[in-house]
Amino acid sequence: MKVLVIGGIAGGPSFATRLRRINEDAEIIILERGAAISVASCALPYYLGGLIKNRSAVIERTPEILKQKNNIDVRLFNEVTKINSDAKTVEVHDLQKDETYTENYDKLIIATGASPTVPEIPGIHDADNAFVLRAVTDADKIKSFLDTKHPKHVTVLGAGSIGIEVSEAFVENNMDVTIVEQSGHVASPFDPEITDIVGQELKKQGVHVILNESVKEVQDNGHTLVFDDGTIHKTDMLFLGTGVKPNSEIAQAAGIKLSADQHIIVDKHLKTNINDIYAIGDVIETTSVITGKPVPSLLSSAANRQGHLLADILNGSPLEYKGFIGAGVSKFFDLTASFVGFTEQMLQQIGITNYKTVFITPFDRAYFYPNADRVNFKLIYEDKTGKILGGQAVGRNGIDKRIAELSVAITGNLSAFDLPSLEIPYSPPYSSTRDVLNIAGYVAINQMTNKSATIKLADIPKEDMQNAVFLDIREAGKPATGSIKPTLNIPLTELRDRINEIPKNKKVYITFRKGLGPYNASRVLAGKGIKAIMIEE
C-alpha cells in the first residue's frame, strides 16, 4: 500500500507515524510545501515573546528523524498542485528545483490545514510591515523585523486568541501594543462574562484596545491606518490576527465535496466523497458530538487524534470517528481562558435557543488557603434535559482542569444533573470540598426545578428597570459590583431580620455579586414567600 500525505504540520505526521507503527510494509510519503514539518504552531507566540528560547524547540520532528526512525519519506518545499483521482496520481511542484513531477498513490490523505486570512483593505498588500503567524517561517520574518527594525509600536488587527497571545509577545519585547477589533468585545468566541474579564486584564497589562472599529485604508506602506470613523492611526508594525481559512483549493478542483465555508466534508471514517481520498485536521468539516450538526474541526489536538485514528482505520480496524467537541485553552497574560463545546453566540448562530446558562465564581481552591482566587465559570445546558452544550472559564489557577473535566463529562454523555455526583479530588491547595463543576450542577438543577431564577441584565423588562426592587446584599464596607444601581441594600447576614423592609407588591431582583451570596439570599427570600430573580452579568 502506497500512501501519500499532503501536509506535514499536525495531522499528517500523526497519521504517518501511527501507520508506520502498525504497518511496516506501507510506503509512506509526506509532501509539505513549507520549510518544516511537525511545527508546534501554537507555541510560536511564546517563541516570539522569548519564553521559548530555541527555534528548534517548536519543531517536534525533522524529515531526517522520520526517515531514520520511521522510514517515512518527507519532502519539504514540495507543493501538490493537482489531484487526478481517476488515475490516482498527484502533480507536485518541487519549489526548490522549480520542477514538476507526478506521484501515484493507493490512498491519499489531505491534511493541508488552514491559512491566515488577509482582510481586503485598500493598501494592505503594499504594507512592508504587516505579518501573520501560522508557520515557523512567519515567526522567522517577525523575529527578523523586530531584530533589525526595532519597532516601538505595533497594531494588532483582531482580538481573538492569536491576536491576544501575540500581543503578549510584543509586550515582552517592550513594545507599545494597540489591538483594533471590529466587534464590541475581545477574545471571541467567548461570551461577555468571560471577555469582560479578559478585557480588564489587557488594560491592566497596558495594552490599548479599540473596539467597534475597522481599518478603512492602509497608507504609507503600512505605517498609517485610516479607521472607518476617519481617525488616523500611526504604527511601526502591523499584525493580522483576523482569522483563518481552510486550504481546500486543490480538493475542490479535484471534485471533492466542500461545505459552504469551504471545508472538506468527510464521513465517520474520515473519507471524502471520492474513493481512497481521506482528509483530517483544520481543513475538514465533521459532525458535532453535542448537536449532531456539521461543524469545522479547527484544533491541532483534534487533528492529531484524527490522524492516529485514520491510520488504524486504513489498517483495517473497525473504528469510527465519533465527531468533534471542541476544547481549547489560551494564556492571556496572567489569565487562563478555556472553553469546551459551544458558546452562547455560537449556539445563536446555528439557531439553538432552548438553553439556559449558569455563571458562578467559586474559589479555585479552599477559600482559606493562601492565594485562593476565583474561577469565573459558565455552564450552558439544554433546558429541561440538562444536556451539556458547553462551558467556559477564566481565572488564574485550575481553569483548564475544570474545562477538561467538563469535556470528559460531555464525552461520557453526562448531563447537568450528573455534575453534583462527580468525585473530584479534594485537598485545600487544589480544590474545595464541592468543586466548581459540582456547584455548577447544583445551580443548574435549581434552575431546572424552579428553585431559583436568573436573568441576564439585557433581558430585564424596561418596566421593571423603573419599578422593581433591586436588592444589593453586600456587607458593610464591601464595594458595589454589577451594572445595576441598587434601590435597597440589606446585607445577607441581616436579611432574615430585615425581611419586612422588602416590598411585597413589587418584583425583586438581586443585583450581581460574585460567589454564592445571591443564591443564598434567594433561598432566604423564597422561604419567606418572596420570589427573587438573580441578575447574571
# chains A, B, ... in the order shown; residues from 1 in each chain; ligands from 1
$ residues_around --residues "segment 156-159 of chain A" --least-positions-apart "3" --cutoff "7 Å" --atoms "only C-alpha atoms" --output "list in words"
Gly163, Ile164, Thr178, Ile179, Val180, Glu181, Val186, Ala187, Leu238, Phe239, Leu240, Gly241 and Thr242 of chain A
$ select_by_dssp --residues "segment 243-361 of chain A" --states "alpha helix (DSSP H)" --output "short mmCIF file (atom, residue, chain, number, x, y, z; two decimals) with N, CA, C and O atoms, in the first residue's frame"
data_model
loop_
_atom_site.label_atom_id
_atom_site.label_comp_id
_atom_site.auth_asym_id
_atom_site.auth_seq_id
_atom_site.Cartn_x
_atom_site.Cartn_y
_atom_site.Cartn_z
N GLU A 249 -8.34 24.33 -1.77
CA GLU A 249 -8.45 24.65 -3.19
C GLU A 249 -8.18 23.43 -4.09
O GLU A 249 -8.91 23.18 -5.05
N ILE A 250 -7.12 22.68 -3.79
CA ILE A 250 -6.81 21.52 -4.65
C ILE A 250 -7.87 20.44 -4.50
O ILE A 250 -8.16 19.70 -5.44
N ALA A 251 -8.47 20.34 -3.32
CA ALA A 251 -9.54 19.37 -3.11
C ALA A 251 -10.76 19.74 -3.95
O ALA A 251 -11.37 18.88 -4.60
N GLN A 252 -11.10 21.01 -3.93
CA GLN A 252 -12.25 21.47 -4.70
C GLN A 252 -12.03 21.23 -6.20
O GLN A 252 -12.93 20.76 -6.91
N ALA A 253 -10.82 21.52 -6.67
CA ALA A 253 -10.51 21.32 -8.09
C ALA A 253 -10.59 19.86 -8.49
O ALA A 253 -10.85 19.53 -9.66
N SER A 300 -5.48 21.75 16.67
CA SER A 300 -4.40 20.82 16.35
C SER A 300 -4.50 19.54 17.16
O SER A 300 -4.09 18.47 16.69
N SER A 301 -5.05 19.63 18.37
CA SER A 301 -5.23 18.41 19.17
C SER A 301 -6.19 17.45 18.48
O SER A 301 -5.97 16.23 18.47
N ALA A 302 -7.25 18.00 17.88
CA ALA A 302 -8.19 17.15 17.14
C ALA A 302 -7.52 16.55 15.91
O ALA A 302 -7.72 15.38 15.58
N ALA A 303 -6.72 17.35 15.21
CA ALA A 303 -6.03 16.86 14.01
C ALA A 303 -5.12 15.68 14.35
O ALA A 303 -5.05 14.69 13.62
N ASN A 304 -4.41 15.77 15.46
CA ASN A 304 -3.53 14.69 15.88
C ASN A 304 -4.32 13.42 16.18
O ASN A 304 -3.91 12.32 15.78
N ARG A 305 -5.43 13.55 16.87
CA ARG A 305 -6.25 12.36 17.18
C ARG A 305 -6.86 11.77 15.92
O ARG A 305 -6.95 10.55 15.77
N GLN A 306 -7.30 12.64 15.02
CA GLN A 306 -7.87 12.15 13.76
C GLN A 306 -6.83 11.38 12.95
O GLN A 306 -7.13 10.34 12.36
N GLY A 307 -5.59 11.90 12.93
CA GLY A 307 -4.53 11.22 12.20
C GLY A 307 -4.26 9.83 12.76
O GLY A 307 -4.12 8.85 12.01
N HIS A 308 -4.20 9.72 14.06
CA HIS A 308 -3.97 8.44 14.72
C HIS A 308 -5.10 7.46 14.40
O HIS A 308 -4.86 6.29 14.05
N LEU A 309 -6.33 7.95 14.48
CA LEU A 309 -7.49 7.10 14.22
C LEU A 309 -7.53 6.66 12.76
O LEU A 309 -7.80 5.47 12.46
N LEU A 310 -7.26 7.57 11.84
CA LEU A 310 -7.33 7.23 10.42
C LEU A 310 -6.31 6.15 10.06
O LEU A 310 -6.60 5.27 9.23
N ALA A 311 -5.15 6.20 10.66
CA ALA A 311 -4.16 5.15 10.41
C ALA A 311 -4.70 3.78 10.80
O ALA A 311 -4.53 2.79 10.07
N ASP A 312 -5.38 3.73 11.93
CA ASP A 312 -5.98 2.46 12.36
C ASP A 312 -7.07 2.01 11.39
O ASP A 312 -7.18 0.83 11.05
N ILE A 313 -7.88 2.97 10.93
CA ILE A 313 -8.97 2.64 10.01
C ILE A 313 -8.40 2.07 8.70
O ILE A 313 -8.87 1.03 8.20
N LEU A 314 -7.38 2.73 8.16
CA LEU A 314 -6.81 2.26 6.89
C LEU A 314 -6.07 0.94 7.05
O LEU A 314 -5.87 0.23 6.06
N GLU A 344 -22.56 30.80 23.85
CA GLU A 344 -23.91 31.28 23.54
C GLU A 344 -23.98 31.85 22.13
O GLU A 344 -24.93 31.59 21.38
N GLN A 345 -22.98 32.66 21.76
CA GLN A 345 -23.06 33.28 20.43
C GLN A 345 -22.97 32.23 19.34
O GLN A 345 -23.61 32.37 18.29
N MET A 346 -22.24 31.15 19.57
CA MET A 346 -22.17 30.07 18.58
C MET A 346 -23.52 29.36 18.47
O MET A 346 -23.96 29.02 17.37
N LEU A 347 -24.17 29.12 19.59
CA LEU A 347 -25.48 28.47 19.57
C LEU A 347 -26.50 29.33 18.83
O LEU A 347 -27.31 28.83 18.04
N GLN A 348 -26.46 30.62 19.08
CA GLN A 348 -27.41 31.51 18.43
C GLN A 348 -27.18 31.56 16.92
O GLN A 348 -28.13 31.66 16.15
N GLN A 349 -25.92 31.45 16.51
CA GLN A 349 -25.61 31.47 15.08
C GLN A 349 -26.19 30.26 14.36
O GLN A 349 -26.52 30.35 13.17
#
$ residues_around --residues "segment 452-468 of chain A" --least-positions-apart "6" --cutoff "7 Å" --atoms "only C-alpha atoms" --output "mmCIF file with C-alpha atoms, in the first residue's frame"
data_model
loop_
_atom_site.group_PDB
_atom_site.id
_atom_site.type_symbol
_atom_site.label_atom_id
_atom_site.label_comp_id
_atom_site.auth_asym_id
_atom_site.auth_seq_id
_atom_site.Cartn_x
_atom_site.Cartn_y
_atom_site.Cartn_z
ATOM 1 C CA ASN A 446 -32.135 24.521 40.917
ATOM 2 C CA LYS A 506 -43.028 44.706 43.636
ATOM 3 C CA LYS A 507 -40.744 42.428 41.666
ATOM 4 C CA VAL A 508 -37.459 41.731 43.426
ATOM 5 C CA ILE A 533 -34.619 36.799 40.497
ATOM 6 C CA MET A 534 -30.815 36.826 40.418
ATOM 7 C CA ILE A 535 -29.153 39.050 37.808
ATOM 8 C CA GLU A 536 -26.387 37.496 35.714
ATOM 9 C CA GLU A 537 -23.588 39.701 34.401
#
$ residues_around --residues "Ile142 of chain A" --least-positions-apart "2" --cutoff "12 Å" --atoms "only C-alpha atoms" --output "ChimeraX atom specification"
/A:44-45,47-49,128-140,144-151,154,166,169-170,173,237-240
$ write_last_selection --atoms "N, CA, C and O atoms" --output "short mmCIF file (atom, residue, chain, number, x, y, z; two decimals), in the first residue's frame"
data_model
loop_
_atom_site.label_atom_id
_atom_site.label_comp_id
_atom_site.auth_asym_id
_atom_site.auth_seq_id
_atom_site.Cartn_x
_atom_site.Cartn_y
_atom_site.Cartn_z
N LEU A 44 4.35 29.22 18.79
CA LEU A 44 5.10 30.30 18.15
C LEU A 44 5.01 31.64 18.87
O LEU A 44 6.02 32.37 18.95
N PRO A 45 3.84 32.05 19.43
CA PRO A 45 3.82 33.31 20.18
C PRO A 45 4.80 33.31 21.36
O PRO A 45 5.39 34.35 21.68
N TYR A 47 7.59 31.64 21.52
CA TYR A 47 8.93 31.77 20.94
C TYR A 47 9.23 33.24 20.65
O TYR A 47 10.31 33.76 20.98
N LEU A 48 8.26 33.94 20.07
CA LEU A 48 8.46 35.36 19.78
C LEU A 48 8.60 36.19 21.05
O LEU A 48 9.33 37.18 21.07
N GLY A 49 7.91 35.77 22.11
CA GLY A 49 7.98 36.50 23.38
C GLY A 49 9.21 36.17 24.20
O GLY A 49 9.43 36.80 25.24
N ASP A 128 4.79 46.95 4.07
CA ASP A 128 6.03 46.21 4.24
C ASP A 128 6.32 45.88 5.70
O ASP A 128 7.39 45.38 6.05
N ASN A 129 5.33 46.16 6.56
CA ASN A 129 5.50 45.92 8.00
C ASN A 129 4.36 45.07 8.56
O ASN A 129 4.11 45.07 9.77
N ALA A 130 3.65 44.33 7.67
CA ALA A 130 2.49 43.54 8.08
C ALA A 130 2.84 42.06 8.10
O ALA A 130 3.49 41.55 7.18
N PHE A 131 2.36 41.37 9.16
CA PHE A 131 2.74 39.98 9.34
C PHE A 131 1.53 39.15 9.81
O PHE A 131 0.59 39.66 10.42
N VAL A 132 1.61 37.85 9.50
CA VAL A 132 0.70 36.86 10.04
C VAL A 132 1.55 35.83 10.78
O VAL A 132 2.78 35.87 10.72
N LEU A 133 0.90 34.89 11.49
CA LEU A 133 1.66 33.87 12.22
C LEU A 133 0.92 32.54 12.14
O LEU A 133 -0.09 32.34 12.80
N ARG A 134 1.46 31.65 11.32
CA ARG A 134 0.90 30.30 11.21
C ARG A 134 2.03 29.27 11.10
O ARG A 134 1.96 28.22 11.70
N ALA A 135 3.06 29.62 10.33
CA ALA A 135 4.18 28.72 10.10
C ALA A 135 5.42 29.25 10.80
O ALA A 135 5.50 30.43 11.17
N VAL A 136 6.41 28.39 10.95
CA VAL A 136 7.65 28.80 11.61
C VAL A 136 8.35 29.87 10.78
O VAL A 136 9.04 30.75 11.32
N THR A 137 8.18 29.84 9.46
CA THR A 137 8.77 30.89 8.61
C THR A 137 8.12 32.25 8.87
O THR A 137 8.77 33.28 8.73
N ASP A 138 6.83 32.26 9.24
CA ASP A 138 6.19 33.51 9.64
C ASP A 138 6.86 34.08 10.89
O ASP A 138 7.10 35.29 10.99
N ALA A 139 7.14 33.19 11.84
CA ALA A 139 7.82 33.61 13.07
C ALA A 139 9.21 34.14 12.76
O ALA A 139 9.67 35.12 13.36
N ASP A 140 9.89 33.50 11.80
CA ASP A 140 11.22 33.97 11.40
C ASP A 140 11.17 35.39 10.86
O ASP A 140 12.02 36.23 11.18
N SER A 144 12.93 38.59 12.62
CA SER A 144 13.91 39.37 11.87
C SER A 144 13.53 40.85 11.85
O SER A 144 14.39 41.73 12.01
N PHE A 145 12.24 41.15 11.67
CA PHE A 145 11.77 42.54 11.66
C PHE A 145 12.01 43.19 13.01
O PHE A 145 12.45 44.34 13.09
N LEU A 146 11.72 42.46 14.09
CA LEU A 146 11.93 43.00 15.42
C LEU A 146 13.41 43.28 15.67
O LEU A 146 13.77 44.31 16.26
N ASP A 147 14.27 42.37 15.22
CA ASP A 147 15.70 42.49 15.48
C ASP A 147 16.39 43.56 14.64
O ASP A 147 17.38 44.15 15.06
N THR A 148 15.86 43.80 13.44
CA THR A 148 16.53 44.74 12.53
C THR A 148 15.88 46.12 12.50
O THR A 148 16.57 47.14 12.37
N LYS A 149 14.56 46.18 12.62
CA LYS A 149 13.85 47.46 12.53
C LYS A 149 13.55 48.09 13.88
O LYS A 149 13.26 49.29 13.97
N HIS A 150 13.56 47.27 14.94
CA HIS A 150 13.31 47.75 16.31
C HIS A 150 12.05 48.61 16.41
O HIS A 150 12.09 49.76 16.89
N PRO A 151 10.91 48.09 15.98
CA PRO A 151 9.67 48.87 16.06
C PRO A 151 9.28 49.15 17.51
O PRO A 151 9.45 48.30 18.38
N VAL A 154 3.21 48.49 17.76
CA VAL A 154 2.60 47.52 16.87
C VAL A 154 1.08 47.62 17.01
O VAL A 154 0.56 47.82 18.11
N VAL A 166 -0.26 37.00 20.69
CA VAL A 166 0.85 37.70 20.05
C VAL A 166 1.06 39.08 20.69
O VAL A 166 2.20 39.55 20.79
N ALA A 169 3.37 38.65 23.43
CA ALA A 169 4.74 38.50 22.94
C ALA A 169 5.35 39.87 22.62
O ALA A 169 6.52 40.13 22.93
N PHE A 170 4.56 40.75 22.03
CA PHE A 170 5.06 42.09 21.72
C PHE A 170 5.32 42.90 22.99
O PHE A 170 6.29 43.66 23.06
N ASN A 173 8.50 42.14 24.31
CA ASN A 173 9.56 42.80 23.53
C ASN A 173 9.59 44.31 23.77
O ASN A 173 10.17 45.05 22.98
N MET A 237 4.37 48.80 13.00
CA MET A 237 4.24 47.39 12.61
C MET A 237 2.78 46.99 12.67
O MET A 237 2.00 47.49 13.48
N LEU A 238 2.40 46.06 11.78
CA LEU A 238 1.04 45.53 11.75
C LEU A 238 1.08 44.02 11.96
O LEU A 238 1.93 43.33 11.39
N PHE A 239 0.14 43.51 12.77
CA PHE A 239 -0.05 42.07 12.86
C PHE A 239 -1.49 41.76 12.53
O PHE A 239 -2.42 42.37 13.08
N LEU A 240 -1.71 40.79 11.64
CA LEU A 240 -3.06 40.44 11.19
C LEU A 240 -3.51 39.16 11.89
O LEU A 240 -3.06 38.06 11.56
#
$ select_by_dssp --residues "segment 263-465 of chain A" --states "strand (DSSP E or B)" --output "PyMOL selection string"
chain A and resi 264-265+271+277-279+284-288+294-296+324+327-332+335-341+355-360+363+374-382+387-395+415+453-456
$ atom_distance --atom1 "atom CA of Tyr519 of chain A" --atom2 "atom CA of Asp400 of chain A"
25.6 Å
$ residues_around --residues "Val295 of chain A" --least-positions-apart "2" --cutoff "10 Å" --atoms "only C-alpha atoms" --output "PyMOL selection string"
chain A and resi 259+263+265+284-289+291-293+297-298+323-326
$ write_last_selection --atoms "N, CA, C and O atoms" --output "short mmCIF file (atom, residue, chain, number, x, y, z; two decimals), in the first residue's frame"
data_model
loop_
_atom_site.label_atom_id
_atom_site.label_comp_id
_atom_site.auth_asym_id
_atom_site.auth_seq_id
_atom_site.Cartn_x
_atom_site.Cartn_y
_atom_site.Cartn_z
N SER A 259 -18.05 22.08 2.12
CA SER A 259 -19.16 22.76 2.78
C SER A 259 -19.27 24.18 2.25
O SER A 259 -18.44 24.64 1.46
N HIS A 263 -14.85 23.94 3.77
CA HIS A 263 -14.19 22.82 4.44
C HIS A 263 -14.52 21.52 3.72
O HIS A 263 -15.63 21.36 3.18
N ILE A 265 -15.80 17.93 3.36
CA ILE A 265 -16.79 17.13 4.09
C ILE A 265 -16.31 15.68 4.13
O ILE A 265 -15.97 15.09 3.10
N ILE A 284 -11.12 20.11 7.44
CA ILE A 284 -12.34 19.31 7.30
C ILE A 284 -13.53 19.90 8.06
O ILE A 284 -13.38 20.68 9.00
N GLU A 285 -14.70 19.49 7.60
CA GLU A 285 -15.93 19.65 8.36
C GLU A 285 -16.36 18.27 8.81
O GLU A 285 -16.39 17.32 8.03
N THR A 286 -16.69 18.16 10.08
CA THR A 286 -17.15 16.88 10.61
C THR A 286 -18.47 17.11 11.34
O THR A 286 -19.18 18.08 11.05
N THR A 287 -18.80 16.24 12.28
CA THR A 287 -20.08 16.33 12.98
C THR A 287 -19.85 16.67 14.44
O THR A 287 -18.95 16.11 15.09
N SER A 288 -20.64 17.56 14.98
CA SER A 288 -20.55 17.91 16.39
C SER A 288 -21.10 16.78 17.25
O SER A 288 -22.22 16.29 17.02
N VAL A 289 -20.31 16.35 18.23
CA VAL A 289 -20.78 15.35 19.18
C VAL A 289 -21.98 15.87 19.95
O VAL A 289 -22.88 15.12 20.32
N THR A 291 -24.33 18.51 19.12
CA THR A 291 -25.58 18.84 18.42
C THR A 291 -25.91 17.89 17.28
O THR A 291 -27.05 17.88 16.81
N GLY A 292 -24.92 17.14 16.81
CA GLY A 292 -25.13 16.30 15.64
C GLY A 292 -25.12 17.07 14.34
O GLY A 292 -25.31 16.50 13.26
N LYS A 293 -24.85 18.38 14.42
CA LYS A 293 -24.83 19.23 13.23
C LYS A 293 -23.40 19.32 12.67
O LYS A 293 -22.43 19.09 13.39
N SER A 297 -13.49 21.47 12.16
CA SER A 297 -12.60 20.86 13.15
C SER A 297 -11.32 21.67 13.17
O SER A 297 -10.41 21.44 12.38
N LEU A 298 -11.22 22.63 14.09
CA LEU A 298 -10.17 23.65 13.98
C LEU A 298 -9.18 23.66 15.14
O LEU A 298 -8.77 24.72 15.59
N GLY A 323 -16.80 12.24 16.14
CA GLY A 323 -17.14 13.64 15.94
C GLY A 323 -16.31 14.57 16.80
O GLY A 323 -15.43 14.15 17.56
N PHE A 324 -16.63 15.85 16.70
CA PHE A 324 -15.82 16.92 17.27
C PHE A 324 -16.57 17.61 18.41
O PHE A 324 -17.75 17.95 18.27
N ILE A 325 -15.90 17.77 19.54
CA ILE A 325 -16.49 18.53 20.65
C ILE A 325 -15.96 19.96 20.64
O ILE A 325 -16.72 20.92 20.71
N GLY A 326 -14.65 20.10 20.54
CA GLY A 326 -14.03 21.42 20.55
C GLY A 326 -13.68 21.86 21.95
O GLY A 326 -14.55 22.31 22.69
#
$ residues_around --residues "segment 440-443 of chain A" --least-positions-apart "5" --cutoff "10 Å" --atoms "only C-alpha atoms" --output "compact mmCIF listing (two decimals) with N, CA and C atoms, in the first residue's frame"
# COMPACT_ATOMS: atom_id res chain seq x y z
N THR A 357 -28.20 29.10 31.11
CA THR A 357 -26.81 29.27 31.49
C THR A 357 -26.67 29.40 33.00
N VAL A 358 -25.49 29.03 33.47
CA VAL A 358 -25.09 29.22 34.86
C VAL A 358 -23.77 29.97 34.83
N PHE A 359 -23.67 31.02 35.61
CA PHE A 359 -22.39 31.71 35.76
C PHE A 359 -22.08 31.81 37.24
N ILE A 360 -21.00 31.16 37.65
CA ILE A 360 -20.63 31.13 39.06
C ILE A 360 -19.18 31.56 39.21
N THR A 361 -18.81 31.97 40.41
CA THR A 361 -17.45 32.46 40.66
C THR A 361 -16.89 31.89 41.96
N PRO A 362 -16.88 30.57 42.11
CA PRO A 362 -16.32 30.00 43.33
C PRO A 362 -14.80 30.10 43.37
N PHE A 377 -16.76 30.80 35.95
CA PHE A 377 -17.15 29.59 35.21
C PHE A 377 -18.57 29.73 34.66
N LYS A 378 -18.72 29.43 33.38
CA LYS A 378 -20.03 29.48 32.75
C LYS A 378 -20.39 28.12 32.18
N LEU A 379 -21.56 27.63 32.54
CA LEU A 379 -22.09 26.37 32.02
C LEU A 379 -23.31 26.67 31.16
N ILE A 380 -23.37 26.04 29.99
CA ILE A 380 -24.53 26.17 29.11
C ILE A 380 -25.13 24.79 28.93
N GLY A 386 -31.10 19.12 30.61
CA GLY A 386 -29.82 19.28 31.28
C GLY A 386 -28.63 18.86 30.44
N SER A 415 -25.09 14.73 31.94
CA SER A 415 -25.88 15.96 31.88
C SER A 415 -25.58 16.80 33.11
N ALA A 416 -26.19 17.97 33.16
CA ALA A 416 -26.02 18.84 34.32
C ALA A 416 -26.50 18.16 35.60
N PHE A 417 -27.46 17.25 35.47
CA PHE A 417 -27.95 16.51 36.64
C PHE A 417 -26.86 15.63 37.24
N ASP A 418 -25.87 15.25 36.44
CA ASP A 418 -24.80 14.37 36.91
C ASP A 418 -23.63 15.12 37.55
N LEU A 419 -23.52 16.41 37.30
CA LEU A 419 -22.35 17.15 37.76
C LEU A 419 -22.17 17.14 39.28
N PRO A 420 -23.24 17.25 40.08
CA PRO A 420 -23.03 17.19 41.54
C PRO A 420 -22.44 15.87 42.01
N SER A 421 -22.59 14.81 41.22
CA SER A 421 -22.11 13.49 41.63
C SER A 421 -20.67 13.23 41.26
N LEU A 422 -20.05 14.12 40.48
CA LEU A 422 -18.66 13.90 40.09
C LEU A 422 -17.76 13.91 41.32
N ARG A 434 -16.67 20.97 47.65
CA ARG A 434 -17.57 20.93 46.49
C ARG A 434 -16.91 21.77 45.42
N ASP A 435 -16.45 21.08 44.37
CA ASP A 435 -15.66 21.76 43.34
C ASP A 435 -16.56 22.56 42.41
N MET A 448 -33.58 24.31 36.75
CA MET A 448 -34.49 23.43 36.01
C MET A 448 -35.68 22.99 36.85
N THR A 449 -35.48 22.96 38.16
CA THR A 449 -36.59 22.56 39.04
C THR A 449 -37.29 23.77 39.66
N LYS A 451 -36.29 26.11 41.54
CA LYS A 451 -35.95 26.51 42.91
C LYS A 451 -35.22 27.84 42.94
N SER A 452 -34.72 28.26 41.80
CA SER A 452 -34.10 29.58 41.71
C SER A 452 -34.31 30.11 40.30
N ALA A 453 -34.29 31.41 40.17
CA ALA A 453 -34.49 32.04 38.87
C ALA A 453 -33.37 33.04 38.62
N LEU A 516 -21.64 32.68 46.04
CA LEU A 516 -22.95 32.06 46.27
C LEU A 516 -23.91 32.95 47.04
N TYR A 519 -27.46 33.49 45.51
CA TYR A 519 -28.28 32.28 45.59
C TYR A 519 -28.78 32.08 47.02
$ residues_around --residues "segment 491-493 of chain A" --least-positions-apart "3" --cutoff "9 Å" --atoms "only C-alpha atoms" --output "list in words"
Asp472, Ile473, Arg474, Glu475, Ala476, Arg496, Asp497, Gly517, Pro518, Asn520 and Ala521 of chain A
$ write_last_selection --atoms "C-alpha atoms" --output "PDB file, in the first residue's frame"
ATOM      1  CA  ASP A 472     -27.923  44.562  46.973  1.00  0.00           C
ATOM      2  CA  ILE A 473     -26.837  42.027  49.612  1.00  0.00           C
ATOM      3  CA  ARG A 474     -23.275  43.277  50.100  1.00  0.00           C
ATOM      4  CA  GLU A 475     -21.933  43.505  53.591  1.00  0.00           C
ATOM      5  CA  ALA A 476     -20.824  46.815  55.113  1.00  0.00           C
ATOM      6  CA  ARG A 496     -33.783  37.485  57.820  1.00  0.00           C
ATOM      7  CA  ASP A 497     -34.083  40.189  60.478  1.00  0.00           C
ATOM      8  CA  GLY A 517     -24.320  35.065  48.157  1.00  0.00           C
ATOM      9  CA  PRO A 518     -27.115  35.908  45.676  1.00  0.00           C
ATOM     10  CA  ASN A 520     -28.314  32.064  49.387  1.00  0.00           C
ATOM     11  CA  ALA A 521     -30.253  35.321  49.524  1.00  0.00           C
TER      12      ALA A 521
END
$ closest_residue --among "A:Asn221, A:Thr487, A:Thr235, A:Ser85" --to "Leu471 of chain A" --atoms "only C-alpha atoms"
A:Thr487
$ closest_residue --among "A:Thr385, A:His185, A:Asn315, A:Thr89" --to "Arg21 of chain A" --atoms "only C-alpha atoms"
A:Asn315
